[in-house]
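Shown next: entry-v8.cif, containing mmCIF, C-alpha atoms.
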```
data_query
#
loop_
_atom_site.group_PDB
_atom_site.id
_atom_site.type_symbol
_atom_site.label_atom_id
_atom_site.label_comp_id
_atom_site.auth_asym_id
_atom_site.auth_seq_id
_atom_site.Cartn_x
_atom_site.Cartn_y
_atom_site.Cartn_z
ATOM 1 C CA MET A 40 0.000 0.000 0.000
ATOM 2 C CA ALA A 41 2.718 2.455 0.853
ATOM 3 C CA GLY A 42 4.416 1.896 -2.490
ATOM 4 C CA GLU A 43 1.248 2.621 -4.452
ATOM 5 C CA THR A 44 0.644 5.857 -2.562
ATOM 6 C CA GLU A 45 4.207 6.964 -3.109
ATOM 7 C CA VAL A 46 4.056 6.334 -6.867
ATOM 8 C CA ALA A 47 0.689 8.073 -7.209
ATOM 9 C CA THR A 48 1.941 11.086 -5.278
ATOM 10 C CA THR A 49 5.088 11.269 -7.374
ATOM 11 C CA VAL A 50 3.189 11.105 -10.648
ATOM 12 C CA THR A 51 0.539 13.691 -9.781
ATOM 13 C CA HIS A 52 2.965 16.207 -8.291
ATOM 14 C CA SER A 53 5.552 16.139 -11.061
ATOM 15 C CA GLY A 54 7.060 19.486 -11.971
ATOM 16 C CA LEU A 55 6.310 19.258 -15.693
ATOM 17 C CA TRP A 56 2.598 18.584 -15.212
ATOM 18 C CA ALA A 57 2.148 21.260 -12.568
ATOM 19 C CA GLY A 58 4.369 23.757 -14.384
ATOM 20 C CA SER A 59 3.726 24.201 -18.070
ATOM 21 C CA LEU A 60 2.063 21.130 -19.530
ATOM 22 C CA LYS A 61 -1.313 21.428 -17.802
ATOM 23 C CA PRO A 62 -2.014 25.051 -18.878
ATOM 24 C CA PHE A 63 -0.855 24.202 -22.394
ATOM 25 C CA LEU A 64 -3.196 21.210 -22.642
ATOM 26 C CA ILE A 65 -6.086 23.362 -21.437
ATOM 27 C CA ALA A 66 -5.356 26.405 -23.617
ATOM 28 C CA HIS A 67 -4.200 24.670 -26.806
ATOM 29 C CA PRO A 68 -7.587 23.396 -28.071
ATOM 30 C CA VAL A 69 -9.215 26.731 -27.271
ATOM 31 C CA GLY A 70 -6.501 28.679 -29.084
ATOM 32 C CA VAL A 71 -6.609 26.381 -32.094
ATOM 33 C CA ALA A 72 -10.396 26.714 -32.273
ATOM 34 C CA ILE A 73 -10.292 30.514 -32.059
ATOM 35 C CA ILE A 74 -7.484 30.924 -34.596
ATOM 36 C CA GLY A 75 -8.999 28.339 -36.945
ATOM 37 C CA GLY A 76 -12.397 30.002 -36.739
ATOM 38 C CA ALA A 77 -10.876 33.401 -37.438
ATOM 39 C CA LEU A 78 -9.015 32.071 -40.485
ATOM 40 C CA VAL A 79 -12.100 30.346 -41.873
ATOM 41 C CA GLY A 80 -14.222 33.439 -41.247
ATOM 42 C CA THR A 81 -11.699 35.705 -42.941
ATOM 43 C CA GLY A 82 -11.448 33.386 -45.938
ATOM 44 C CA VAL A 83 -15.219 33.191 -46.317
ATOM 45 C CA TYR A 84 -15.494 36.981 -46.037
ATOM 46 C CA PHE A 85 -12.954 37.617 -48.797
ATOM 47 C CA LEU A 86 -14.396 34.896 -51.055
ATOM 48 C CA ALA A 87 -17.913 36.274 -50.631
ATOM 49 C CA LYS A 88 -16.609 39.769 -51.315
ATOM 50 C CA LYS A 89 -14.781 38.553 -54.436
ATOM 51 C CA PHE A 90 -17.727 36.667 -55.917
ATOM 52 C CA SER A 91 -20.365 39.273 -55.046
ATOM 53 C CA LYS A 92 -18.610 42.051 -57.006
ATOM 54 C CA PRO A 93 -20.186 42.852 -60.359
ATOM 55 C CA LYS A 94 -17.920 42.181 -63.310
ATOM 56 C CA VAL A 95 -16.461 45.412 -64.700
ATOM 57 C CA GLU A 96 -16.047 44.024 -68.221
ATOM 58 C CA GLU A 97 -19.705 43.004 -68.410
ATOM 59 C CA GLU A 98 -20.807 46.477 -67.311
ATOM 60 C CA GLU A 99 -18.547 48.144 -69.884
ATOM 61 C CA ALA A 100 -19.879 45.859 -72.647
ATOM 62 C CA VAL A 101 -23.469 46.694 -71.726
ATOM 63 C CA ALA A 102 -22.676 50.421 -71.633
ATOM 64 C CA ALA A 103 -20.851 50.275 -74.975
ATOM 65 C CA ALA A 104 -23.731 48.404 -76.638
ATOM 66 C CA ALA A 105 -26.261 51.020 -75.548
#
```
What do you get writing this file as structure tokens?
Amino acid sequence: MAGETEVATTVTHSGLWAGSLKPFLIAHPVGVAIIGGALVGTGVYFLAKKFSKPKVEEEEAVAAAA
């Protein structure tokens, strides 16, 4: 019993887990989701802006024909 408690205490109180790994594992998925969402949103915005513009050549052809 004493050996199991000692191993469990050693594993849960390790410096790496308590120091930098735990905050990284918590923040990483959130940061990836926010950055990924921002990139997708920006791409969709610019694509929608690009495809919703009227074509200048078509307008000039219509104006020249009239």
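The spacing separating atom CA of A:Ile74 from atom CA of A:Lys92 amounts to 27.4 Å.
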Practice task
Tell me, in Å to one decimal, how far atom CA of A:Ala102 is from atom CA of A:Phe85.
Solution key: 27.9 Å
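Going from atom CA of A:Ser91 to atom CA of A:Val79 covers 17.9 Å.
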Report, as JSON, the centre and edge lengths in Å (one decimal) of the axis-aligned box enclosing every listed atom of stretch 80-84 of chain A, padded by 5 Å on each side.
```
{"center_x": -13.5, "center_y": 35.1, "center_z": -43.8, "size_x": 14.0, "size_y": 13.8, "size_z": 15.1}
```
Completion step: stretch 64-95 of chain A with N, CA and C atoms as a compact mmCIF listing (two decimals), in the frame of the given file:
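And here's result33.txt as it stands now:
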```
# COMPACT_ATOMS: atom_id res chain seq x y z
N LEU A 64 -2.17 22.15 -22.21
CA LEU A 64 -3.20 21.21 -22.64
C LEU A 64 -4.59 21.80 -22.51
N ILE A 65 -4.79 22.71 -21.59
CA ILE A 65 -6.09 23.36 -21.44
C ILE A 65 -6.26 24.45 -22.49
N ALA A 66 -5.24 25.25 -22.73
CA ALA A 66 -5.36 26.40 -23.62
C ALA A 66 -5.20 26.04 -25.09
N HIS A 67 -4.49 24.99 -25.42
CA HIS A 67 -4.20 24.67 -26.81
C HIS A 67 -5.45 24.43 -27.65
N PRO A 68 -6.39 23.60 -27.23
CA PRO A 68 -7.59 23.40 -28.07
C PRO A 68 -8.41 24.68 -28.23
N VAL A 69 -8.46 25.48 -27.20
CA VAL A 69 -9.22 26.73 -27.27
C VAL A 69 -8.54 27.68 -28.25
N GLY A 70 -7.24 27.80 -28.18
CA GLY A 70 -6.50 28.68 -29.08
C GLY A 70 -6.59 28.22 -30.52
N VAL A 71 -6.50 26.92 -30.74
CA VAL A 71 -6.61 26.38 -32.09
C VAL A 71 -8.00 26.64 -32.65
N ALA A 72 -9.02 26.49 -31.82
CA ALA A 72 -10.40 26.71 -32.27
C ALA A 72 -10.62 28.18 -32.62
N ILE A 73 -10.11 29.08 -31.81
CA ILE A 73 -10.29 30.51 -32.06
C ILE A 73 -9.54 30.94 -33.31
N ILE A 74 -8.29 30.54 -33.43
CA ILE A 74 -7.48 30.92 -34.60
C ILE A 74 -8.04 30.28 -35.86
N GLY A 75 -8.41 29.01 -35.78
CA GLY A 75 -9.00 28.34 -36.94
C GLY A 75 -10.30 28.98 -37.37
N GLY A 76 -11.14 29.33 -36.42
CA GLY A 76 -12.40 30.00 -36.74
C GLY A 76 -12.17 31.36 -37.36
N ALA A 77 -11.18 32.09 -36.86
CA ALA A 77 -10.88 33.40 -37.44
C ALA A 77 -10.36 33.27 -38.87
N LEU A 78 -9.52 32.28 -39.12
CA LEU A 78 -9.02 32.07 -40.48
C LEU A 78 -10.12 31.66 -41.45
N VAL A 79 -10.99 30.77 -41.02
CA VAL A 79 -12.10 30.35 -41.87
C VAL A 79 -13.04 31.52 -42.13
N GLY A 80 -13.35 32.28 -41.09
CA GLY A 80 -14.22 33.44 -41.25
C GLY A 80 -13.65 34.48 -42.17
N THR A 81 -12.36 34.74 -42.06
CA THR A 81 -11.70 35.70 -42.94
C THR A 81 -11.71 35.21 -44.39
N GLY A 82 -11.43 33.94 -44.59
CA GLY A 82 -11.45 33.39 -45.94
C GLY A 82 -12.83 33.46 -46.57
N VAL A 83 -13.85 33.13 -45.80
CA VAL A 83 -15.22 33.19 -46.32
C VAL A 83 -15.59 34.63 -46.64
N TYR A 84 -15.19 35.56 -45.80
CA TYR A 84 -15.49 36.98 -46.04
C TYR A 84 -14.89 37.45 -47.36
N PHE A 85 -13.60 37.15 -47.58
CA PHE A 85 -12.95 37.62 -48.80
C PHE A 85 -13.48 36.90 -50.04
N LEU A 86 -13.82 35.61 -49.92
CA LEU A 86 -14.40 34.90 -51.06
C LEU A 86 -15.78 35.44 -51.39
N ALA A 87 -16.58 35.72 -50.38
CA ALA A 87 -17.91 36.27 -50.63
C ALA A 87 -17.80 37.66 -51.24
N LYS A 88 -16.83 38.43 -50.77
CA LYS A 88 -16.61 39.77 -51.32
C LYS A 88 -16.16 39.68 -52.78
N LYS A 89 -15.30 38.71 -53.07
CA LYS A 89 -14.78 38.55 -54.44
C LYS A 89 -15.89 38.15 -55.41
N PHE A 90 -16.71 37.18 -55.01
CA PHE A 90 -17.73 36.67 -55.92
C PHE A 90 -18.99 37.53 -55.97
N SER A 91 -19.17 38.43 -55.02
CA SER A 91 -20.36 39.27 -55.05
C SER A 91 -20.13 40.58 -55.81
N LYS A 92 -18.90 40.85 -56.21
CA LYS A 92 -18.61 42.05 -57.01
C LYS A 92 -19.17 41.88 -58.41
N PRO A 93 -19.77 42.94 -58.96
CA PRO A 93 -20.19 42.85 -60.36
C PRO A 93 -18.96 42.88 -61.27
N LYS A 94 -19.04 42.23 -62.37
CA LYS A 94 -17.92 42.18 -63.31
C LYS A 94 -17.83 43.51 -64.06
N VAL A 95 -16.66 44.11 -64.06
CA VAL A 95 -16.46 45.41 -64.70
C VAL A 95 -16.55 45.28 -66.21
```
